[in-house]
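Engineer: My structure is stored as my_file_32.pdb, with PDB, C-alpha atoms.
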```
ATOM      1  CA  MET A 148     -14.020  -6.419 -13.816  1.00  0.00           C
ATOM      2  CA  ARG A 149     -16.994  -7.879 -12.014  1.00  0.00           C
ATOM      3  CA  TRP A 150     -17.958  -9.088  -8.578  1.00  0.00           C
ATOM      4  CA  ARG A 151     -18.470 -12.814  -8.162  1.00  0.00           C
ATOM      5  CA  ALA A 152     -18.907 -15.231  -5.287  1.00  0.00           C
ATOM      6  CA  MET A 153     -15.708 -15.838  -3.365  1.00  0.00           C
ATOM      7  CA  ALA A 154     -14.435 -19.411  -3.211  1.00  0.00           C
ATOM      8  CA  ALA A 155     -11.957 -21.018  -0.827  1.00  0.00           C
ATOM      9  CA  ALA A 156      -9.352 -20.781  -3.599  1.00  0.00           C
ATOM     10  CA  ASP A 157      -9.723 -16.957  -3.453  1.00  0.00           C
ATOM     11  CA  LEU A 158      -8.841 -16.600   0.233  1.00  0.00           C
ATOM     12  CA  GLU A 159      -5.111 -16.173  -0.375  1.00  0.00           C
ATOM     13  CA  ALA A 160      -5.743 -13.406  -2.922  1.00  0.00           C
ATOM     14  CA  ALA A 161      -8.218 -11.660  -0.588  1.00  0.00           C
ATOM     15  CA  GLU A 162      -5.724 -11.788   2.262  1.00  0.00           C
ATOM     16  CA  GLY A 163      -3.026 -10.326   0.027  1.00  0.00           C
ATOM     17  CA  ILE A 164      -5.341  -7.473  -0.947  1.00  0.00           C
ATOM     18  CA  ALA A 165      -6.171  -6.894   2.725  1.00  0.00           C
ATOM     19  CA  ASP A 166      -2.473  -6.754   3.615  1.00  0.00           C
ATOM     20  CA  ALA A 167      -1.865  -4.201   0.849  1.00  0.00           C
ATOM     21  CA  VAL A 168      -4.928  -2.036   1.501  1.00  0.00           C
ATOM     22  CA  HIS A 169      -5.246  -2.281   5.293  1.00  0.00           C
ATOM     23  CA  PRO A 170      -1.744  -2.685   6.784  1.00  0.00           C
ATOM     24  CA  ASP A 171      -2.946  -1.041  10.023  1.00  0.00           C
ATOM     25  CA  TYR A 172      -5.896  -3.456  10.371  1.00  0.00           C
ATOM     26  CA  PRO A 173      -4.409  -6.960  10.054  1.00  0.00           C
ATOM     27  CA  GLU A 174      -6.655  -9.994  10.279  1.00  0.00           C
ATOM     28  CA  ASP A 175      -5.774 -13.654  10.506  1.00  0.00           C
ATOM     29  CA  HIS A 176      -6.497 -16.225   7.795  1.00  0.00           C
ATOM     30  CA  ALA A 177      -9.027 -17.808  10.161  1.00  0.00           C
ATOM     31  CA  VAL A 178     -11.180 -14.650  10.057  1.00  0.00           C
ATOM     32  CA  PHE A 179     -11.477 -14.732   6.265  1.00  0.00           C
ATOM     33  CA  ALA A 180     -12.064 -18.495   6.185  1.00  0.00           C
ATOM     34  CA  GLU A 181     -14.722 -18.361   8.903  1.00  0.00           C
ATOM     35  CA  ARG A 182     -16.692 -15.570   7.189  1.00  0.00           C
ATOM     36  CA  LEU A 183     -16.705 -17.563   3.953  1.00  0.00           C
ATOM     37  CA  ARG A 184     -17.808 -20.715   5.784  1.00  0.00           C
ATOM     38  CA  LEU A 185     -20.538 -18.996   7.821  1.00  0.00           C
ATOM     39  CA  PHE A 186     -22.018 -16.780   5.106  1.00  0.00           C
ATOM     40  CA  CYS A 187     -20.695 -17.363   1.612  1.00  0.00           C
ATOM     41  CA  ARG A 188     -23.407 -15.102   0.096  1.00  0.00           C
ATOM     42  CA  GLY A 189     -21.692 -12.111   1.672  1.00  0.00           C
ATOM     43  CA  CYS A 190     -18.194 -12.930   0.422  1.00  0.00           C
ATOM     44  CA  LEU A 191     -17.317 -11.481  -2.976  1.00  0.00           C
ATOM     45  CA  ILE A 192     -14.187 -11.118  -5.069  1.00  0.00           C
ATOM     46  CA  LEU A 193     -13.540  -8.506  -7.757  1.00  0.00           C
ATOM     47  CA  ASP A 194     -12.190 -10.818 -10.409  1.00  0.00           C
ATOM     48  CA  ASP A 195      -9.809 -11.150 -13.352  1.00  0.00           C
ATOM     49  CA  PRO A 196      -7.288 -10.969 -11.763  1.00  0.00           C
ATOM     50  CA  PRO A 197      -8.499 -10.497  -8.159  1.00  0.00           C
ATOM     51  CA  ALA A 198      -8.231  -6.797  -7.324  1.00  0.00           C
ATOM     52  CA  GLY A 199     -10.732  -6.430  -4.492  1.00  0.00           C
ATOM     53  CA  TYR A 200     -12.976  -8.255  -2.099  1.00  0.00           C
ATOM     54  CA  ALA A 201     -16.058  -7.679   0.025  1.00  0.00           C
ATOM     55  CA  ILE A 202     -17.083  -9.527   3.162  1.00  0.00           C
ATOM     56  CA  ALA A 203     -20.443  -9.100   4.901  1.00  0.00           C
ATOM     57  CA  HIS A 204     -22.667 -11.208   7.136  1.00  0.00           C
ATOM     58  CA  PRO A 205     -25.932 -11.006   9.059  1.00  0.00           C
ATOM     59  CA  TRP A 206     -25.440  -9.536  12.532  1.00  0.00           C
ATOM     60  CA  THR A 207     -27.029  -7.586  15.373  1.00  0.00           C
ATOM     61  CA  LEU A 208     -27.408  -3.832  14.944  1.00  0.00           C
ATOM     62  CA  GLY A 209     -25.305  -1.703  17.281  1.00  0.00           C
ATOM     63  CA  THR A 210     -22.789  -4.446  18.079  1.00  0.00           C
ATOM     64  CA  PRO A 211     -19.980  -4.260  15.529  1.00  0.00           C
ATOM     65  CA  VAL A 212     -17.694  -7.256  15.347  1.00  0.00           C
ATOM     66  CA  ARG A 213     -14.286  -6.631  16.879  1.00  0.00           C
ATOM     67  CA  LEU A 214     -11.439  -6.469  14.403  1.00  0.00           C
ATOM     68  CA  ASN A 215      -9.577  -9.767  13.872  1.00  0.00           C
ATOM     69  CA  SER A 216     -12.065 -11.827  15.853  1.00  0.00           C
ATOM     70  CA  LEU A 217     -14.029 -14.953  15.070  1.00  0.00           C
ATOM     71  CA  LEU A 218     -17.823 -14.944  15.063  1.00  0.00           C
ATOM     72  CA  VAL A 219     -18.275 -18.618  16.020  1.00  0.00           C
ATOM     73  CA  ALA A 220     -21.894 -18.445  14.787  1.00  0.00           C
ATOM     74  CA  LEU A 221     -24.316 -16.018  13.190  1.00  0.00           C
ATOM     75  CA  PRO A 222     -27.135 -14.640  15.353  1.00  0.00           C
ATOM     76  CA  ALA A 223     -30.458 -16.485  15.255  1.00  0.00           C
ATOM     77  CA  GLU A 224     -32.364 -13.235  14.650  1.00  0.00           C
ATOM     78  CA  PRO A 225     -30.108 -10.770  12.820  1.00  0.00           C
ATOM     79  CA  ASP A 226     -31.335  -7.273  12.051  1.00  0.00           C
ATOM     80  CA  THR A 227     -28.481  -5.929   9.934  1.00  0.00           C
ATOM     81  CA  LEU A 228     -26.048  -6.990   7.260  1.00  0.00           C
ATOM     82  CA  PHE A 229     -22.671  -6.040   8.714  1.00  0.00           C
ATOM     83  CA  LEU A 230     -20.238  -4.980   5.992  1.00  0.00           C
ATOM     84  CA  HIS A 231     -17.035  -6.259   7.511  1.00  0.00           C
ATOM     85  CA  ASP A 232     -14.855  -4.954   4.702  1.00  0.00           C
ATOM     86  CA  ILE A 233     -14.777  -3.781   1.125  1.00  0.00           C
ATOM     87  CA  ALA A 234     -11.231  -3.361  -0.143  1.00  0.00           C
ATOM     88  CA  LEU A 235      -9.940  -2.532  -3.621  1.00  0.00           C
ATOM     89  CA  LEU A 236      -6.364  -2.254  -4.776  1.00  0.00           C
ATOM     90  CA  PRO A 237      -5.423   1.364  -5.577  1.00  0.00           C
ATOM     91  CA  GLU A 238      -5.072   0.732  -9.308  1.00  0.00           C
ATOM     92  CA  VAL A 239      -8.756  -0.215  -9.701  1.00  0.00           C
ATOM     93  CA  ARG A 240     -10.318   2.498  -7.553  1.00  0.00           C
ATOM     94  CA  GLY A 241     -12.459   5.241  -9.039  1.00  0.00           C
ATOM     95  CA  ARG A 242     -14.200   3.047 -11.607  1.00  0.00           C
ATOM     96  CA  GLY A 243     -17.394   2.354  -9.666  1.00  0.00           C
ATOM     97  CA  ASP A 244     -16.490  -1.153  -8.506  1.00  0.00           C
ATOM     98  CA  ALA A 245     -16.891  -0.337  -4.801  1.00  0.00           C
ATOM     99  CA  VAL A 246     -20.331   1.154  -5.452  1.00  0.00           C
ATOM    100  CA  ALA A 247     -21.282  -1.954  -7.449  1.00  0.00           C
ATOM    101  CA  GLY A 248     -20.119  -4.165  -4.564  1.00  0.00           C
ATOM    102  CA  VAL A 249     -22.270  -2.209  -2.118  1.00  0.00           C
ATOM    103  CA  GLU A 250     -25.236  -2.665  -4.471  1.00  0.00           C
ATOM    104  CA  VAL A 251     -24.690  -6.439  -4.557  1.00  0.00           C
ATOM    105  CA  LEU A 252     -24.562  -6.575  -0.759  1.00  0.00           C
ATOM    106  CA  THR A 253     -27.620  -4.318  -0.473  1.00  0.00           C
ATOM    107  CA  ALA A 254     -29.512  -6.826  -2.611  1.00  0.00           C
ATOM    108  CA  VAL A 255     -28.380  -9.644  -0.298  1.00  0.00           C
ATOM    109  CA  ALA A 256     -29.686  -7.706   2.723  1.00  0.00           C
ATOM    110  CA  ALA A 257     -32.992  -7.008   0.976  1.00  0.00           C
ATOM    111  CA  ASP A 258     -33.341 -10.670   0.010  1.00  0.00           C
ATOM    112  CA  LEU A 259     -32.840 -11.633   3.669  1.00  0.00           C
ATOM    113  CA  ARG A 260     -35.353  -8.926   4.685  1.00  0.00           C
ATOM    114  CA  LEU A 261     -32.780  -7.251   6.910  1.00  0.00           C
ATOM    115  CA  PRO A 262     -33.814  -3.642   7.585  1.00  0.00           C
ATOM    116  CA  THR A 263     -30.300  -2.173   7.731  1.00  0.00           C
ATOM    117  CA  LEU A 264     -26.715  -2.310   6.559  1.00  0.00           C
ATOM    118  CA  SER A 265     -24.024  -1.437   9.107  1.00  0.00           C
ATOM    119  CA  LEU A 266     -20.251  -1.058   9.161  1.00  0.00           C
ATOM    120  CA  VAL A 267     -17.282   0.558  10.835  1.00  0.00           C
ATOM    121  CA  ALA A 268     -15.665   3.201   8.622  1.00  0.00           C
ATOM    122  CA  VAL A 269     -11.910   3.592   9.016  1.00  0.00           C
ATOM    123  CA  GLY A 270      -9.284   5.801   7.464  1.00  0.00           C
ATOM    124  CA  ARG A 271     -10.623   8.151   4.821  1.00  0.00           C
ATOM    125  CA  ALA A 272     -13.666   6.052   3.921  1.00  0.00           C
ATOM    126  CA  LEU A 273     -16.244   8.150   5.802  1.00  0.00           C
ATOM    127  CA  SER A 274     -17.138  10.324   2.802  1.00  0.00           C
ATOM    128  CA  PHE A 275     -17.609   7.250   0.577  1.00  0.00           C
ATOM    129  CA  TRP A 276     -20.106   5.766   3.031  1.00  0.00           C
ATOM    130  CA  LEU A 277     -21.923   9.056   3.614  1.00  0.00           C
ATOM    131  CA  ALA A 278     -22.419   9.300  -0.166  1.00  0.00           C
ATOM    132  CA  ARG A 279     -23.989   5.807  -0.092  1.00  0.00           C
ATOM    133  CA  GLY A 280     -26.636   6.893   2.436  1.00  0.00           C
ATOM    134  CA  PHE A 281     -24.969   5.709   5.645  1.00  0.00           C
ATOM    135  CA  VAL A 282     -25.175   7.862   8.769  1.00  0.00           C
ATOM    136  CA  ALA A 283     -22.798   7.941  11.727  1.00  0.00           C
ATOM    137  CA  VAL A 284     -24.130   6.505  14.983  1.00  0.00           C
ATOM    138  CA  GLU A 285     -22.719   7.846  18.241  1.00  0.00           C
ATOM    139  CA  GLY A 286     -22.072   5.800  21.365  1.00  0.00           C
ATOM    140  CA  VAL A 287     -21.159   2.478  19.730  1.00  0.00           C
ATOM    141  CA  ASP A 288     -17.878   0.880  20.845  1.00  0.00           C
ATOM    142  CA  VAL A 289     -15.527   0.650  17.851  1.00  0.00           C
ATOM    143  CA  GLY A 290     -12.364   0.667  19.948  1.00  0.00           C
ATOM    144  CA  SER A 291     -10.687  -2.269  18.214  1.00  0.00           C
ATOM    145  CA  TYR A 292     -10.665  -0.256  14.958  1.00  0.00           C
ATOM    146  CA  GLY A 293      -8.612   2.602  16.373  1.00  0.00           C
ATOM    147  CA  VAL A 294      -8.904   6.356  16.627  1.00  0.00           C
ATOM    148  CA  GLY A 295     -11.248   7.965  14.127  1.00  0.00           C
ATOM    149  CA  ALA A 296     -13.284   4.820  13.435  1.00  0.00           C
ATOM    150  CA  CYS A 297     -17.001   5.441  13.030  1.00  0.00           C
ATOM    151  CA  TYR A 298     -19.979   3.070  13.295  1.00  0.00           C
ATOM    152  CA  MET A 299     -22.438   3.736  10.470  1.00  0.00           C
ATOM    153  CA  VAL A 300     -25.897   2.489   9.517  1.00  0.00           C
ATOM    154  CA  ARG A 301     -28.058   2.683   6.416  1.00  0.00           C
ATOM    155  CA  ARG A 302     -31.743   1.862   6.581  1.00  0.00           C
ATOM    156  CA  LEU A 303     -33.148  -0.042   3.624  1.00  0.00           C
TER     157      LEU A 303
END
```
With the file now loaded, output its structure as structure tokens.
Structural biologist:
Amino acid sequence: MRWRAMAAADLEAAEGIADAVHPDYPEDHAVFAERLRLFCRGCLILDDPPAGYAIAHPWTLGTPVRLNSLLVALPAEPDTLFLHDIALLPEVRGRGDAVAGVEVLTAVAADLRLPTLSLVAVGRALSFWLARGFVAVEGVDVGSYGVGACYMVRRL
């Protein structure tokens, strides 16, 4: 499998993966469609057949996007690439695809000369992100993501 650019025709598959992987973090179709429209470079699909997706966009460090909310526009002077989500179906995990997706998005951030990557870790993902060089940042409101959510940053 390989990561490729997401297209509008992939939105239904991405939403199905999200429903399967993140039942406690539902997001509307409009959220997926808006991210693709605003920043297609940060929207990836793990292809053949679709078994994962990644969504990221330029943003402002320390201000994570609320879950299931629209951005309306990207900031004029972003200083981070916010990794909104990377989700893989259980049957394809453990093969390095998530790490490869993070590498693709890291290259996007570097190309844009953004100094950081940021995200909100949920569930049991904290150890994955720590292993990728992210560090937890205290005092950032991640309330929409629920108990145990953690804002994390990785400097490039």
Engineer: Could you give me, as a ChimeraX atom specification, the residues within 6 Å of Met299 of chain A, counting all atoms listed in the file and dropping anything in the same chain fewer than 4 positions from it?
Structural biologist: /A:265-266,281-284
Engineer: In Å, how far is it from atom CA of Ala152 of chain A to atom CA of Cys190 of chain A?
Structural biologist: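 Separation of atom CA of Ala152 of chain A and atom CA of Cys190 of chain A: 6.2 Å.
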Engineer: Could you list the residues chosen by the PyMOL selection byres ((chain A and resi 303) around 6) in this structure as a short mmCIF file (atom, residue, chain, number, x, y, z; two decimals) with C-alpha atoms, keeping the file's coordinate frame?
Structural biologist:
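Saved the output as result-v2.cif:
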```cif
data_model
loop_
_atom_site.label_atom_id
_atom_site.label_comp_id
_atom_site.auth_asym_id
_atom_site.auth_seq_id
_atom_site.Cartn_x
_atom_site.Cartn_y
_atom_site.Cartn_z
CA PRO A 262 -33.81 -3.64 7.58
CA THR A 263 -30.30 -2.17 7.73
CA ARG A 302 -31.74 1.86 6.58
#
```
Engineer: With distances taken over all atoms listed in the file, which residue among A:Ala234, A:Leu228, A:Leu185, A:Ala160 lies nearest Val255 of chain A?
Structural biologist: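 Among the listed residues, A:Leu228 lies closest to Val255 of chain A.
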Engineer: Might you pull out every residue within 12 Å of Asp166 of chain A, with all atoms listed in the file counted and same-chain residues fewer than 3 positions away left off, and present them as a list in words?
Structural biologist: Glu159, Ala160, Ala161, Glu162, Gly163, His169, Pro170, Asp171, Tyr172, Pro173, Glu174, Asp175, His176, Gly199, Ala234, Leu235 and Leu236 of chain A
Engineer: Enumerate, as a list in words, the residues matched when the PyMOL selection byres ((chain A and resi 206) around 7) is run on the file above.
Structural biologist: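 With the PyMOL selection byres ((chain A and resi 206) around 7) on this model, the match is His204, Pro205, Thr207, Leu208, Leu221, Pro222, Pro225, Asp226, Thr227, Leu228 and Phe229 of chain A.
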Engineer: Report the residues retrieved by the PyMOL selection byres ((chain A and resi 285) around 12) from the displayed file, expressed as an NGL selection string.
Structural biologist: :A and (209 or 267 or 282-284 or 286-289 or 296-300)
Engineer: Kindly indicate which residue among A:Leu193, A:Ala254, A:Glu224, A:Val294 lies nearest to Arg240 of chain A, using all atoms listed in the file for the distances.
Structural biologist: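 Among the listed residues, A:Leu193 lies closest to Arg240 of chain A.
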Engineer: For Leu191 of chain A, please output as an MDAnalysis selection string all residues within 7 Å (counting all atoms listed in the file; exclusion window: fewer than 5 positions along the same chain).
Structural biologist: chainID A and resid 150:153 200:202
Engineer: Considering only C-alpha atoms, return as a ChimeraX atom specification whatever protein or nucleic-acid residues lie within 6 Å of Ala203 of chain A, sequence-local ones (same chain, fewer than 6 positions apart) excluded.
Structural biologist: /A:189,229-231
Engineer: Quick one, how far is atom CA of Arg242 of chain A from atom CA of Ala278 of chain A?
Structural biologist: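 Between atom CA of Arg242 of chain A and atom CA of Ala278 of chain A the gap works out to 15.4 Å.
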Engineer: Ranking A:Trp276, A:Asp232, A:Gly248, A:Arg149 by minimum distance to Val212 of chain A and counting all atoms listed in the file, which one comes first?
Structural biologist: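 Among the listed residues, the smallest separation from Val212 of chain A belongs to A:Asp232.
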Engineer: If you measure from atom CA of Ser291 of chain A to atom CA of Ala155 of chain A, what distance in Å do you get, rounded to one decimal?
Structural biologist: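 For atom CA of Ser291 of chain A relative to atom CA of Ala155 of chain A, the distance reads 26.8 Å.
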Engineer: Quick one: residues within 9 Å of Met148 of chain A, all atoms listed in the file, excluding same-chain residues fewer than 2 positions away - as an MDAnalysis selection string?
Structural biologist: chainID A and resid 150 193:198 244
Engineer: Kindly indicate which residue among A:Gly295, A:Ser216, A:Arg188, A:Ala223 lies nearest to Val251 of chain A, using only C-alpha atoms for the distances.
Structural biologist: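 Residue with the minimum atom-to-atom distance to Val251 of chain A: A:Arg188.
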Engineer: Out of A:Val219, A:Glu238, A:Arg184, A:Leu214, which residue has the shortest atom-to-atom distance to Ile164 of chain A when counting all atoms listed in the file?
Structural biologist: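 Checking each candidate against Ile164 of chain A, we get A:Glu238 as the closest.
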